[in-house]
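What follows is one structure encoded as structure tokens, with my remarks underneath.
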Amino acid sequence: MSEAAEIERNVPGLALYTPRDASRLVARVTAVDAVGLEERAASLGRRSIKRGSKLWALDLAIRSMDLTTLEGVDTMGRVVSLCAKAVRPDPTDATIPSVAAVCVYPQLVPVALGEVKGSSVRVASVAGSFPAGLGPLSSRLAEIREVVEQGAHEVDIVLNRSLFLGGRYAACFEELAAAREAAGEAHLKVILEVGELGSYDRIRQASVLAMAAGADFIKTSTGKIGVSASLPSALCMMEAARDFFHETGRRVGIKVAGGIRASKQAVQYLVLLYETLGPEWMTPELFRIGASSLLNDILMQINKERTGRYQGPDYFTID
Amino acid sequence: MGEIERTATSALEQQQRVWEYATAPEARDIVRLEDRYDLFVGGRFVEPRSGRYFETINPATEEPLAEVAEANEEDVDLAARTAREAWEERWRDLPGKERAKYLYRIARALQERSREFAVLETMNNGKPIKESRDVDVPLAAAHFFYYAGWADKLDYAFPGRAPRPLGVAAQITPWNFPLLMCAWKLAPALATGNTAILKPASTTPLTALLLAEVIEQAELPPGVVNVIPGPGGKTGGWLAAHPAIAKIAFTGSTDIGKVLRRNVAGTGKRLTLELGGKAANIVFEDAALDQAVEGIINGIFFNQGEVCCAGSRLFVQESVFEPLLDKLKARLDTLRVGDPLDKNTDVGAINSRDQLRKIEELVQSGLEEGAEMYQPDCDLPERGFWFRPTLFTNVSQSHRIAREEIFGPVLSILTFRTPQEAVEKANNTEYGLSAGIWTEKGSRILWMAERMKAGVVWANTFNRFDPTSPFGGYKESGFGREGGRHGLEPYLDLDGASAEGGDGA
């Protein structure tokens with residue numbers, strides 16, 4: 001029995017859909033009105049939260065963070081230092097929690113695993129011809145299997161936009177389902193690359209397709225193109241996840257990534273999450289922020305909330 | 001950070017407890033309340049000849065805010081004669097661009113003092129600060145800006161005609177958008193060269209009086225705008241009956257509108273009425289449901305539903321009734337009802353005890369007639385006038401809650417099967433102010449809009465206002481249009497037929 005089949009037994013709702021359902025699934029996804037969606041996202045972005053809640057939110061933002069480095073120039077040294085930061089974001093303050101995971105390229109997975117050993121930090125790897133996702137399917141699946149075999153806890157893959165935008169939903173679904181199987185026990189995050197999908201309708205359809213094919217998380221962006229996560233696109237995905245939960249009983253996580261640099265943005269995403277999916281989703285199990293430079297801004301804000309003063313950037317380590 | 005729990009899997013309850021929106025009240029100190037407000041007549045504040053003052057309160061707390069002068073028949077007469085004299089001597093013949101200058105001044109002053117106006121509006125009306133801040137005050141300023149632009153272009157607005165002002169306009173405004181309605185009335189009246197007497201609603205006179213202060217500071221010629229608070233039945237009645245009045249603009253209830261129309265009959269006075277409504281919000285199965293939910297919520301809970309064009313009847317295509325109802329209920333549960341001055345508040349206080357009683361009575365009738373009620377389980381403040389956001393299902397066309405204007409946060413939900421049925425049911429009302437259509441199909445929007453007997457038809461949105469767009473009703477929702485180029489017409493004599501307006505008394 002394959003691992004995927006085992007998961008299907010254990011995860012409610014996962015066995016509900018097959019590639020044959022893909023076109024029907026996409027066709028009946030409810031429409032999204034761009035004006036209304038953007039208005040709602042903007043109005044939620046204006047909520048103000050209590051100081052105590054803000055500290056809690058910033059704490060959650062750290063605990064939900066996938067501290068990421070995805071550059072061609074990533075070296076062992078770079079990953080070692082990133083992992084140190086992930087485990088102890090603020091070496092002078094033991095009350096600051098570790099981040100959820102570090103996210104690296106496949107070649108650096110063993111390095112990251114060695115560095116986070118003994119901590120709660122997980123290792124996520126991109127795989128499947130990141131970021132375009134258009135390598136041969138066999139090699140993409142092999143890449144997923146390999147990073148999982150090496151010990152990666154989580155795998156971030158990209159949606160095949162070529163198939164999806166070409167309307168080949170069954171093929172797209174099959175690929176995702178195969179990736180799901182290849183990832184086995186590892187958490188599978190499917191990157192929709194919202195900036196390339198062209199409309200909120202498409203974002204919602206892609207969300208549904210990825211969730212039905214077994215994604216544990218749906219993720220906004222690779223961070224490799226000009227348009228990354230935005231409040232409306234994240235809201236659109238959250239609404240899809242809410243309806244999917246309603247229909248199948250399965251909770252799918254949301255990961256926002258790309259261009260999130262300020263604490264204020266992180267808190268706005270948490271407001272959206274709270275209002276749309278509720279408190280059940282406010283955990284690293286179901287929410288992630290992919291970021292590289294956000295962490296220091298959060299540390300700075302926490303410090304400011306506690307002391308009432310801002311400290312200069314040199315008081316926070318650059319890793 | 002002692003209060004923060006860091007166990008990786010915080011208990012759900014803990015999260016709910018920890019995640020609270022800040023009580024983020026707007027500071028009240030920006031508003032400098034007088035103990036007493038006098039009448040504004042002839043460019044200055046004067047004691048009322050009536051010698052009487054009435055109390056105005058904050059409906060969210062029931063605490064008194066100030067005493068306001070009550071205009072009696074003598075006060076009305078003085079205001080009318082002052083406005084007439086100002087029209088003849090200081091305003092009628094002023095070049096349009098000069099009139100525009102004053103309107104621009106008022107608009108800018110509204111913007112400069114926007115926070116003050118917003119806080120005062122919220123204190124006197126009970127509406128959430130986020131609405132007075134983001135809707136009422138900016139829109140009021142926008143109306144003055146917009147009509148300032150028309151003041152010197154009237155000949156181009158009506159080519160080939162000879163637009164002339166009418167004289168003194170009596171303007172009676174409601175309590176649901178106290179400042180905004182003053183702007184809707186004053187801006188076109190002044191732009192077209194009329195002078196005005198404003199009678200603000202008796203429960204919400206304060207922003208109109210603050211506007212009078214702004215008008216005084218803008219150095220508008222004395223008597224061009226006069227503000228005389230008082231009870232609608234008395235002060236409003238005397239005002240409408242005064243012979244110096246050339247035009248009456250009224251926004252308020254259909255009952256009073258009917259009285260006014262009877263009284264004005266045969267006098268030659270011009271009249272526009274903007275009255276009640278029972279708008280249909282129609283959701284088709286192909287609509288963007290999540291955004292439709294937002295539109296429905298906005299349509300009926302904006303300003304506690306105290307909106308003449310509120311989407312108080314929801315028509316849902318039967319095939320999506322259940323999912324839509326689930327979404328609506330879930331969304332209702334997230335509405336924050338409470339302190340109107342809190343920036344996170346979605347639904348504020350009902351404006352008066354009388355209005356609250358009326359809402360309660362109609363809701364009771366809904367229950368008695370067999371409709372099914374849903375209300376979120378939210379805490380309401382102890383003092384003040386409050387009503388929970390309410391949904392009714394199992395409603396039929398014949399129920400009172402489907403026919404009568406409730407003017408409160410109460411939505412009646414009905415279903416339909418075909419577009420034809422939707423049109424038939426939606427138009428089956430004595431009112432005709434507004435309607436909403438939710439569908440992704442453009443051709444259906446046009447098909448529906450053509451058939452809706454409503455002054456405004458919104459497509460995939462609701463309660464959207466703009467000074468450039470005319471607003472007004474069909475049937476018992478009144479007649480005449482406010483806003484846009486259309487909004488100039490009720491204040492103009494286009495054919496020289498009644499060039500002198502009023503009888504000059």
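Chain labels run A, B, ... following the order of the structure tokens; each chain numbers its residues from 1, and ligands are numbered from 1 in the order shown.
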
Residues of chain A within 9 Å of chain B, counting only C-alpha atoms, as a PyMOL selection string: chain A and resi 30-37+40+46-57+59-60+63+95+97+239+274-276+278-280+282-285+306

From a backbone DSSP assignment, name each residue in segment 371-432 of chain B labelled strand (DSSP E or B), as an mmCIF file with C-alpha atoms, in the first residue's frame.
data_model
loop_
_atom_site.group_PDB
_atom_site.id
_atom_site.type_symbol
_atom_site.label_atom_id
_atom_site.label_comp_id
_atom_site.auth_asym_id
_atom_site.auth_seq_id
_atom_site.Cartn_x
_atom_site.Cartn_y
_atom_site.Cartn_z
ATOM 1 C CA GLU B 372 -37.706 32.588 11.923
ATOM 2 C CA MET B 373 -35.235 34.886 13.624
ATOM 3 C CA TYR B 374 -31.461 34.663 13.911
ATOM 4 C CA THR B 390 -31.092 40.376 13.013
ATOM 5 C CA LEU B 391 -31.943 38.016 10.158
ATOM 6 C CA PHE B 392 -35.392 36.668 9.385
ATOM 7 C CA THR B 393 -35.948 33.584 7.256
ATOM 8 C CA VAL B 410 -33.206 43.762 10.491
ATOM 9 C CA LEU B 411 -32.989 41.773 7.272
ATOM 10 C CA SER B 412 -35.875 39.799 5.804
ATOM 11 C CA ILE B 413 -34.749 36.957 3.574
ATOM 12 C CA LEU B 414 -36.942 35.628 0.781
ATOM 13 C CA THR B 415 -36.205 33.332 -2.140
ATOM 14 C CA PHE B 416 -36.949 33.250 -5.862
#

Pull the helix (DSSP H, G or I) assignments for segment 433-473 of chain B out of DSSP run on the backbone, and list those residues as a ChimeraX atom specification. /B:442-451

Suppose we keep C-alpha atoms; can you now write the selection as a PDB file, in the first residue's frame?
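Dumped to part.pdb:
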ATOM      1  CA  GLY B 442     -23.406  41.400 -17.362  1.00  0.00           C
ATOM      2  CA  SER B 443     -26.425  40.930 -19.595  1.00  0.00           C
ATOM      3  CA  ARG B 444     -28.534  39.978 -16.595  1.00  0.00           C
ATOM      4  CA  ILE B 445     -27.484  43.100 -14.725  1.00  0.00           C
ATOM      5  CA  LEU B 446     -28.748  45.215 -17.627  1.00  0.00           C
ATOM      6  CA  TRP B 447     -31.916  43.162 -18.004  1.00  0.00           C
ATOM      7  CA  MET B 448     -32.710  43.511 -14.317  1.00  0.00           C
ATOM      8  CA  ALA B 449     -31.771  47.184 -14.049  1.00  0.00           C
ATOM      9  CA  GLU B 450     -34.160  47.987 -16.863  1.00  0.00           C
ATOM     10  CA  ARG B 451     -37.019  46.383 -14.966  1.00  0.00           C
TER      11      ARG B 451
END

Near Lys224 of chain A, within 12 Å and counting only C-alpha atoms, which residues show up once chain neighbours fewer than 3 positions away are dropped, as a ChimeraX atom specification? /A:69-72,130-132,158,191,193-196,220-221,227-229,257-259

Selection from above, C-alpha atoms, as a tab-separated table (two decimals), in the first residue's frame, can you write it?
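result08.tsv was written with the following content:
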chain	number	residue	atom	x	y	z
A	69	THR	CA	16.72	31.71	1.82
A	70	LEU	CA	16.28	30.74	-1.80
A	71	GLU	CA	19.14	32.23	-3.76
A	72	GLY	CA	21.56	30.77	-6.24
A	130	PHE	CA	11.13	25.52	-8.26
A	131	PRO	CA	10.20	28.24	-9.20
A	132	ALA	CA	8.76	27.57	-12.70
A	158	VAL	CA	4.69	25.08	-7.34
A	191	ILE	CA	2.53	27.50	-4.28
A	193	GLU	CA	2.04	31.93	-7.65
A	194	VAL	CA	-0.93	34.28	-7.44
A	195	GLY	CA	0.91	37.02	-9.29
A	196	GLU	CA	0.82	34.93	-12.44
A	220	THR	CA	0.64	32.53	-2.33
A	221	SER	CA	3.97	33.04	-4.02
A	227	VAL	CA	3.88	40.40	-7.74
A	228	SER	CA	3.82	38.46	-4.48
A	229	ALA	CA	1.37	38.00	-1.64
A	257	ALA	CA	5.06	34.67	1.17
A	258	GLY	CA	6.93	37.29	-0.75
A	259	GLY	CA	7.30	40.96	0.05

Wanna dump the segment 107-181 of chain A-segment 17-23 of chain A contacts at 10 Å for me, each residue with its shortest atom pair and the distance in Å to one decimal, counting only C-alpha atoms, ordered by chain and number, as CSV?
residue,atom,partner,partner_atom,distance
A:Gly167,CA,A:Ser23,CA,8.4
A:Arg168,CA,A:Ser23,CA,8.2
A:Tyr169,CA,A:Ala22,CA,5.6
A:Ala170,CA,A:Pro19,CA,4.8
A:Ala171,CA,A:Pro19,CA,7.3
A:Cys172,CA,A:Pro19,CA,8.3
A:Phe173,CA,A:Pro19,CA,5.5
A:Glu174,CA,A:Pro19,CA,5.8
A:Glu175,CA,A:Pro19,CA,9.4
A:Leu176,CA,A:Pro19,CA,9.7
A:Ala177,CA,A:Pro19,CA,8.4

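Interatomic distance, atom CA of Ala240 of chain B against atom CA of Asp75 of chain B: 13.3 Å.
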
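What separates atom CA of Gly128 of chain A from atom CA of Arg180 of chain A is a distance of 11.6 Å.
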
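The nearest approach to Pro48 of chain B among the residues B:Ala148, B:Ile228, B:Leu211, B:Ala140, with only C-alpha atoms taken into account, belongs to B:Ile228.
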
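Atom CA of Val109 of chain A is found 29.2 Å from atom CA of Met300 of chain A.
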
I want to know what sits within 6 Å of segment 478-486 of chain B, based on only C-alpha atoms, with residues of the same chain fewer than 2 positions away left out; could you give that as a PyMOL selection string? chain B and resi 272-275+467-474+476+488-489

Mind writing the picked residues with C-alpha atoms as a short mmCIF file (atom, residue, chain, number, x, y, z; two decimals), in the first residue's frame?
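So selection01.cif came out as:
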data_model
loop_
_atom_site.label_atom_id
_atom_site.label_comp_id
_atom_site.auth_asym_id
_atom_site.auth_seq_id
_atom_site.Cartn_x
_atom_site.Cartn_y
_atom_site.Cartn_z
CA THR B 272 -38.86 67.37 -3.56
CA LEU B 273 -39.32 64.40 -1.24
CA GLU B 274 -36.83 61.72 -0.38
CA LEU B 275 -38.75 59.25 1.76
CA PRO B 467 -22.04 63.43 -5.41
CA THR B 468 -21.99 63.02 -9.18
CA SER B 469 -24.74 60.43 -9.15
CA PRO B 470 -28.42 61.36 -8.83
CA PHE B 471 -30.32 59.76 -5.94
CA GLY B 472 -34.07 59.62 -5.37
CA GLY B 473 -37.12 57.44 -5.47
CA TYR B 474 -40.10 56.01 -7.28
CA GLU B 476 -43.84 56.25 -2.06
CA LEU B 488 -29.50 71.20 -9.69
CA GLU B 489 -32.89 71.14 -11.36
#

Give me the residues near Ile106 of chain B as a VMD selection string, where near means some atom within 7 Å (using only C-alpha atoms) and where sequence neighbours in that chain fewer than 3 positions away do not count. chain B and resid 102 to 103 109 to 110 214 to 215 218

Pull N, CA and C atoms from the residues just selected and write them as a tab-separated table (two decimals), in the first residue's frame.
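Output file out_16.tsv is given in full below:
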chain	number	residue	atom	x	y	z
B	102	TYR	N	-17.44	80.50	-1.90
B	102	TYR	CA	-17.92	80.19	-0.55
B	102	TYR	C	-18.10	78.68	-0.36
B	103	LEU	N	-18.62	78.03	-1.40
B	103	LEU	CA	-18.83	76.59	-1.28
B	103	LEU	C	-17.50	75.85	-1.12
B	109	ALA	N	-13.20	73.61	4.86
B	109	ALA	CA	-13.32	73.66	6.32
B	109	ALA	C	-13.82	72.32	6.85
B	110	LEU	N	-14.73	71.68	6.10
B	110	LEU	CA	-15.22	70.36	6.51
B	110	LEU	C	-14.08	69.36	6.53
B	214	VAL	N	-19.06	76.82	10.91
B	214	VAL	CA	-18.15	76.82	9.76
B	214	VAL	C	-18.59	77.86	8.74
B	215	ILE	N	-19.90	77.93	8.53
B	215	ILE	CA	-20.44	78.87	7.55
B	215	ILE	C	-20.21	80.31	7.99
B	218	ALA	N	-16.67	80.98	7.32
B	218	ALA	CA	-16.41	81.11	5.88
B	218	ALA	C	-16.89	82.47	5.37

As number ranges by chain, please: the residues near Ser312 of chain B (cut-off 10 Å, only C-alpha atoms, same-chain neighbours under 2 positions excluded). B: 277-281, 296, 299-301, 305, 307-310, 314-315, 391, 401-413, 435

Could you please take those selected residues and save N, CA and C atoms as an mmCIF file, in the first residue's frame?
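Ended up saving to again-v7.cif:
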data_model
loop_
_atom_site.group_PDB
_atom_site.id
_atom_site.type_symbol
_atom_site.label_atom_id
_atom_site.label_comp_id
_atom_site.auth_asym_id
_atom_site.auth_seq_id
_atom_site.Cartn_x
_atom_site.Cartn_y
_atom_site.Cartn_z
ATOM 1 N N GLY B 277 -38.006 53.511 2.198
ATOM 2 C CA GLY B 277 -37.659 52.507 1.205
ATOM 3 C C GLY B 277 -37.745 51.115 1.791
ATOM 4 N N LYS B 278 -37.769 50.145 0.918
ATOM 5 C CA LYS B 278 -37.738 48.741 1.340
ATOM 6 C C LYS B 278 -37.003 48.008 0.228
ATOM 7 N N ALA B 279 -35.722 48.329 0.127
ATOM 8 C CA ALA B 279 -34.961 47.918 -1.053
ATOM 9 C C ALA B 279 -34.762 46.412 -1.123
ATOM 10 N N ALA B 280 -34.779 45.926 -2.352
ATOM 11 C CA ALA B 280 -34.493 44.517 -2.604
ATOM 12 C C ALA B 280 -33.023 44.372 -2.979
ATOM 13 N N ASN B 281 -32.376 43.412 -2.332
ATOM 14 C CA ASN B 281 -31.021 43.048 -2.688
ATOM 15 C C ASN B 281 -31.142 41.641 -3.279
ATOM 16 N N ILE B 296 -24.441 42.374 1.314
ATOM 17 C CA ILE B 296 -25.699 42.231 2.055
ATOM 18 C C ILE B 296 -25.540 42.821 3.450
ATOM 19 N N GLY B 299 -25.312 46.383 3.181
ATOM 20 C CA GLY B 299 -26.602 46.909 2.751
ATOM 21 C C GLY B 299 -27.586 47.097 3.888
ATOM 22 N N ILE B 300 -27.543 46.218 4.892
ATOM 23 C CA ILE B 300 -28.557 46.309 5.936
ATOM 24 C C ILE B 300 -27.992 46.741 7.285
ATOM 25 N N PHE B 301 -26.705 46.536 7.524
ATOM 26 C CA PHE B 301 -26.183 46.913 8.837
ATOM 27 C C PHE B 301 -25.392 48.218 8.822
ATOM 28 N N GLY B 305 -28.753 50.050 9.803
ATOM 29 C CA GLY B 305 -29.942 49.863 8.971
ATOM 30 C C GLY B 305 -30.840 51.081 8.938
ATOM 31 N N VAL B 307 -31.166 53.571 7.219
ATOM 32 C CA VAL B 307 -30.828 54.136 5.919
ATOM 33 C C VAL B 307 -32.052 53.948 5.032
ATOM 34 N N CYS B 308 -32.493 55.026 4.392
ATOM 35 C CA CYS B 308 -33.714 54.912 3.594
ATOM 36 C C CYS B 308 -33.526 53.927 2.445
ATOM 37 N N CYS B 309 -32.294 53.812 1.933
ATOM 38 C CA CYS B 309 -32.071 52.914 0.804
ATOM 39 C C CYS B 309 -31.502 51.565 1.268
ATOM 40 N N ALA B 310 -31.597 51.255 2.569
ATOM 41 C CA ALA B 310 -31.040 50.002 3.087
ATOM 42 C C ALA B 310 -31.598 48.792 2.339
ATOM 43 N N LEU B 314 -33.848 40.735 1.297
ATOM 44 C CA LEU B 314 -32.864 39.975 0.536
ATOM 45 C C LEU B 314 -33.588 38.889 -0.247
ATOM 46 N N PHE B 315 -33.427 38.919 -1.561
ATOM 47 C CA PHE B 315 -33.982 37.863 -2.409
ATOM 48 C C PHE B 315 -32.838 36.984 -2.874
ATOM 49 N N LEU B 391 -31.515 38.593 11.442
ATOM 50 C CA LEU B 391 -31.943 38.016 10.158
ATOM 51 C C LEU B 391 -33.284 37.332 10.362
ATOM 52 N N ILE B 401 -42.822 42.512 8.060
ATOM 53 C CA ILE B 401 -41.375 42.755 7.987
ATOM 54 C C ILE B 401 -40.865 42.712 6.542
ATOM 55 N N ALA B 402 -41.719 42.251 5.620
ATOM 56 C CA ALA B 402 -41.322 42.277 4.208
ATOM 57 C C ALA B 402 -41.911 43.482 3.485
ATOM 58 N N ARG B 403 -42.833 44.180 4.137
ATOM 59 C CA ARG B 403 -43.516 45.291 3.467
ATOM 60 C C ARG B 403 -43.185 46.651 4.068
ATOM 61 N N GLU B 404 -43.113 46.685 5.428
ATOM 62 C CA GLU B 404 -42.937 47.988 6.072
ATOM 63 C C GLU B 404 -41.462 48.298 6.287
ATOM 64 N N GLU B 405 -41.162 49.578 6.206
ATOM 65 C CA GLU B 405 -39.792 49.995 6.450
ATOM 66 C C GLU B 405 -39.499 49.880 7.938
ATOM 67 N N ILE B 406 -38.478 49.104 8.296
ATOM 68 C CA ILE B 406 -38.152 48.916 9.716
ATOM 69 C C ILE B 406 -37.173 49.982 10.182
ATOM 70 N N PHE B 407 -36.278 50.392 9.298
ATOM 71 C CA PHE B 407 -35.286 51.408 9.625
ATOM 72 C C PHE B 407 -34.443 50.975 10.817
ATOM 73 N N GLY B 408 -33.990 49.749 10.745
ATOM 74 C CA GLY B 408 -33.157 49.197 11.802
ATOM 75 C C GLY B 408 -32.381 48.014 11.239
ATOM 76 N N PRO B 409 -31.526 47.388 12.068
ATOM 77 C CA PRO B 409 -30.642 46.329 11.583
ATOM 78 C C PRO B 409 -31.363 44.990 11.436
ATOM 79 N N VAL B 410 -32.377 44.955 10.612
ATOM 80 C CA VAL B 410 -33.206 43.762 10.491
ATOM 81 C C VAL B 410 -33.376 43.411 9.016
ATOM 82 N N LEU B 411 -32.944 42.202 8.666
ATOM 83 C CA LEU B 411 -32.989 41.773 7.272
ATOM 84 C C LEU B 411 -34.021 40.668 7.095
ATOM 85 N N SER B 412 -34.900 40.840 6.125
ATOM 86 C CA SER B 412 -35.875 39.799 5.804
ATOM 87 C C SER B 412 -35.408 39.053 4.561
ATOM 88 N N ILE B 413 -35.297 37.735 4.684
ATOM 89 C CA ILE B 413 -34.749 36.957 3.574
ATOM 90 C C ILE B 413 -35.856 36.168 2.880
ATOM 91 N N ALA B 435 -32.115 49.343 -5.259
ATOM 92 C CA ALA B 435 -32.102 47.896 -5.427
ATOM 93 C C ALA B 435 -30.665 47.462 -5.658
#

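The closest residue to Asp297 of chain A, picked from A:Ala61, A:Asp74, A:Arg140, A:Arg122 and counting only C-alpha atoms, is A:Ala61.
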
Just want the 12 Å neighbourhood of segment 264-266 of chain B, counted on only C-alpha atoms, with same-chain residues fewer than 2 positions away dropped. Output as a PDB file with N, CA and C atoms, in the first residue's frame.
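New file out-v8.pdb:
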ATOM      1  N   GLY B 237     -43.324  72.287  10.162  1.00  0.00           N
ATOM      2  CA  GLY B 237     -44.626  72.657   9.599  1.00  0.00           C
ATOM      3  C   GLY B 237     -44.729  74.162   9.343  1.00  0.00           C
ATOM      4  N   TRP B 238     -44.321  74.946  10.344  1.00  0.00           N
ATOM      5  CA  TRP B 238     -44.363  76.407  10.156  1.00  0.00           C
ATOM      6  C   TRP B 238     -43.470  76.829   9.002  1.00  0.00           C
ATOM      7  N   LEU B 239     -42.300  76.188   8.961  1.00  0.00           N
ATOM      8  CA  LEU B 239     -41.332  76.563   7.932  1.00  0.00           C
ATOM      9  C   LEU B 239     -41.908  76.293   6.541  1.00  0.00           C
ATOM     10  N   ALA B 240     -42.446  75.088   6.380  1.00  0.00           N
ATOM     11  CA  ALA B 240     -42.970  74.716   5.062  1.00  0.00           C
ATOM     12  C   ALA B 240     -44.138  75.616   4.669  1.00  0.00           C
ATOM     13  N   ALA B 241     -44.881  76.095   5.677  1.00  0.00           N
ATOM     14  CA  ALA B 241     -46.080  76.874   5.384  1.00  0.00           C
ATOM     15  C   ALA B 241     -45.772  78.353   5.148  1.00  0.00           C
ATOM     16  N   HIS B 242     -44.554  78.778   5.478  1.00  0.00           N
ATOM     17  CA  HIS B 242     -44.262  80.214   5.401  1.00  0.00           C
ATOM     18  C   HIS B 242     -44.321  80.715   3.955  1.00  0.00           C
ATOM     19  N   PRO B 243     -44.977  81.834   3.721  1.00  0.00           N
ATOM     20  CA  PRO B 243     -45.154  82.318   2.348  1.00  0.00           C
ATOM     21  C   PRO B 243     -43.860  82.740   1.652  1.00  0.00           C
ATOM     22  N   ILE B 245     -41.241  81.104   1.469  1.00  0.00           N
ATOM     23  CA  ILE B 245     -40.518  79.918   1.000  1.00  0.00           C
ATOM     24  C   ILE B 245     -40.911  79.619  -0.442  1.00  0.00           C
ATOM     25  N   ALA B 246     -39.891  79.392  -1.291  1.00  0.00           N
ATOM     26  CA  ALA B 246     -40.167  79.085  -2.696  1.00  0.00           C
ATOM     27  C   ALA B 246     -40.034  77.594  -2.983  1.00  0.00           C
ATOM     28  N   LYS B 247     -39.289  76.923  -2.134  1.00  0.00           N
ATOM     29  CA  LYS B 247     -38.995  75.526  -2.442  1.00  0.00           C
ATOM     30  C   LYS B 247     -38.773  74.755  -1.151  1.00  0.00           C
ATOM     31  N   ILE B 248     -39.294  73.559  -1.101  1.00  0.00           N
ATOM     32  CA  ILE B 248     -39.116  72.728   0.080  1.00  0.00           C
ATOM     33  C   ILE B 248     -38.405  71.446  -0.342  1.00  0.00           C
ATOM     34  N   ALA B 249     -37.340  71.133   0.352  1.00  0.00           N
ATOM     35  CA  ALA B 249     -36.657  69.851   0.130  1.00  0.00           C
ATOM     36  C   ALA B 249     -36.740  69.085   1.436  1.00  0.00           C
ATOM     37  N   GLY B 257     -43.891  63.131   4.598  1.00  0.00           N
ATOM     38  CA  GLY B 257     -43.825  63.554   3.199  1.00  0.00           C
ATOM     39  C   GLY B 257     -45.211  63.772   2.622  1.00  0.00           C
ATOM     40  N   LYS B 258     -46.127  62.888   2.978  1.00  0.00           N
ATOM     41  CA  LYS B 258     -47.502  63.014   2.478  1.00  0.00           C
ATOM     42  C   LYS B 258     -48.161  64.277   3.030  1.00  0.00           C
ATOM     43  N   VAL B 259     -47.943  64.529   4.329  1.00  0.00           N
ATOM     44  CA  VAL B 259     -48.508  65.728   4.940  1.00  0.00           C
ATOM     45  C   VAL B 259     -47.985  66.969   4.220  1.00  0.00           C
ATOM     46  N   LEU B 260     -46.675  66.989   4.005  1.00  0.00           N
ATOM     47  CA  LEU B 260     -46.066  68.140   3.338  1.00  0.00           C
ATOM     48  C   LEU B 260     -46.675  68.346   1.954  1.00  0.00           C
ATOM     49  N   ARG B 261     -46.843  67.245   1.234  1.00  0.00           N
ATOM     50  CA  ARG B 261     -47.332  67.381  -0.134  1.00  0.00           C
ATOM     51  C   ARG B 261     -48.749  67.948  -0.146  1.00  0.00           C
ATOM     52  N   ARG B 262     -49.553  67.491   0.817  1.00  0.00           N
ATOM     53  CA  ARG B 262     -50.916  68.021   0.908  1.00  0.00           C
ATOM     54  C   ARG B 262     -50.882  69.514   1.202  1.00  0.00           C
ATOM     55  N   GLY B 268     -47.891  76.778  -5.169  1.00  0.00           N
ATOM     56  CA  GLY B 268     -46.877  77.132  -6.158  1.00  0.00           C
ATOM     57  C   GLY B 268     -45.458  76.867  -5.681  1.00  0.00           C
ATOM     58  N   LYS B 269     -45.322  76.372  -4.431  1.00  0.00           N
ATOM     59  CA  LYS B 269     -43.982  76.057  -3.941  1.00  0.00           C
ATOM     60  C   LYS B 269     -43.483  74.783  -4.597  1.00  0.00           C
ATOM     61  N   ARG B 270     -42.212  74.772  -4.883  1.00  0.00           N
ATOM     62  CA  ARG B 270     -41.624  73.546  -5.426  1.00  0.00           C
ATOM     63  C   ARG B 270     -41.342  72.576  -4.280  1.00  0.00           C
ATOM     64  N   LEU B 271     -41.418  71.294  -4.575  1.00  0.00           N
ATOM     65  CA  LEU B 271     -41.238  70.295  -3.521  1.00  0.00           C
ATOM     66  C   LEU B 271     -40.436  69.111  -4.049  1.00  0.00           C
ATOM     67  N   THR B 272     -39.471  68.674  -3.290  1.00  0.00           N
ATOM     68  CA  THR B 272     -38.863  67.366  -3.556  1.00  0.00           C
ATOM     69  C   THR B 272     -38.899  66.560  -2.263  1.00  0.00           C
ATOM     70  N   LEU B 273     -39.186  65.272  -2.407  1.00  0.00           N
ATOM     71  CA  LEU B 273     -39.315  64.402  -1.238  1.00  0.00           C
ATOM     72  C   LEU B 273     -38.406  63.200  -1.406  1.00  0.00           C
TER      73      LEU B 273
END
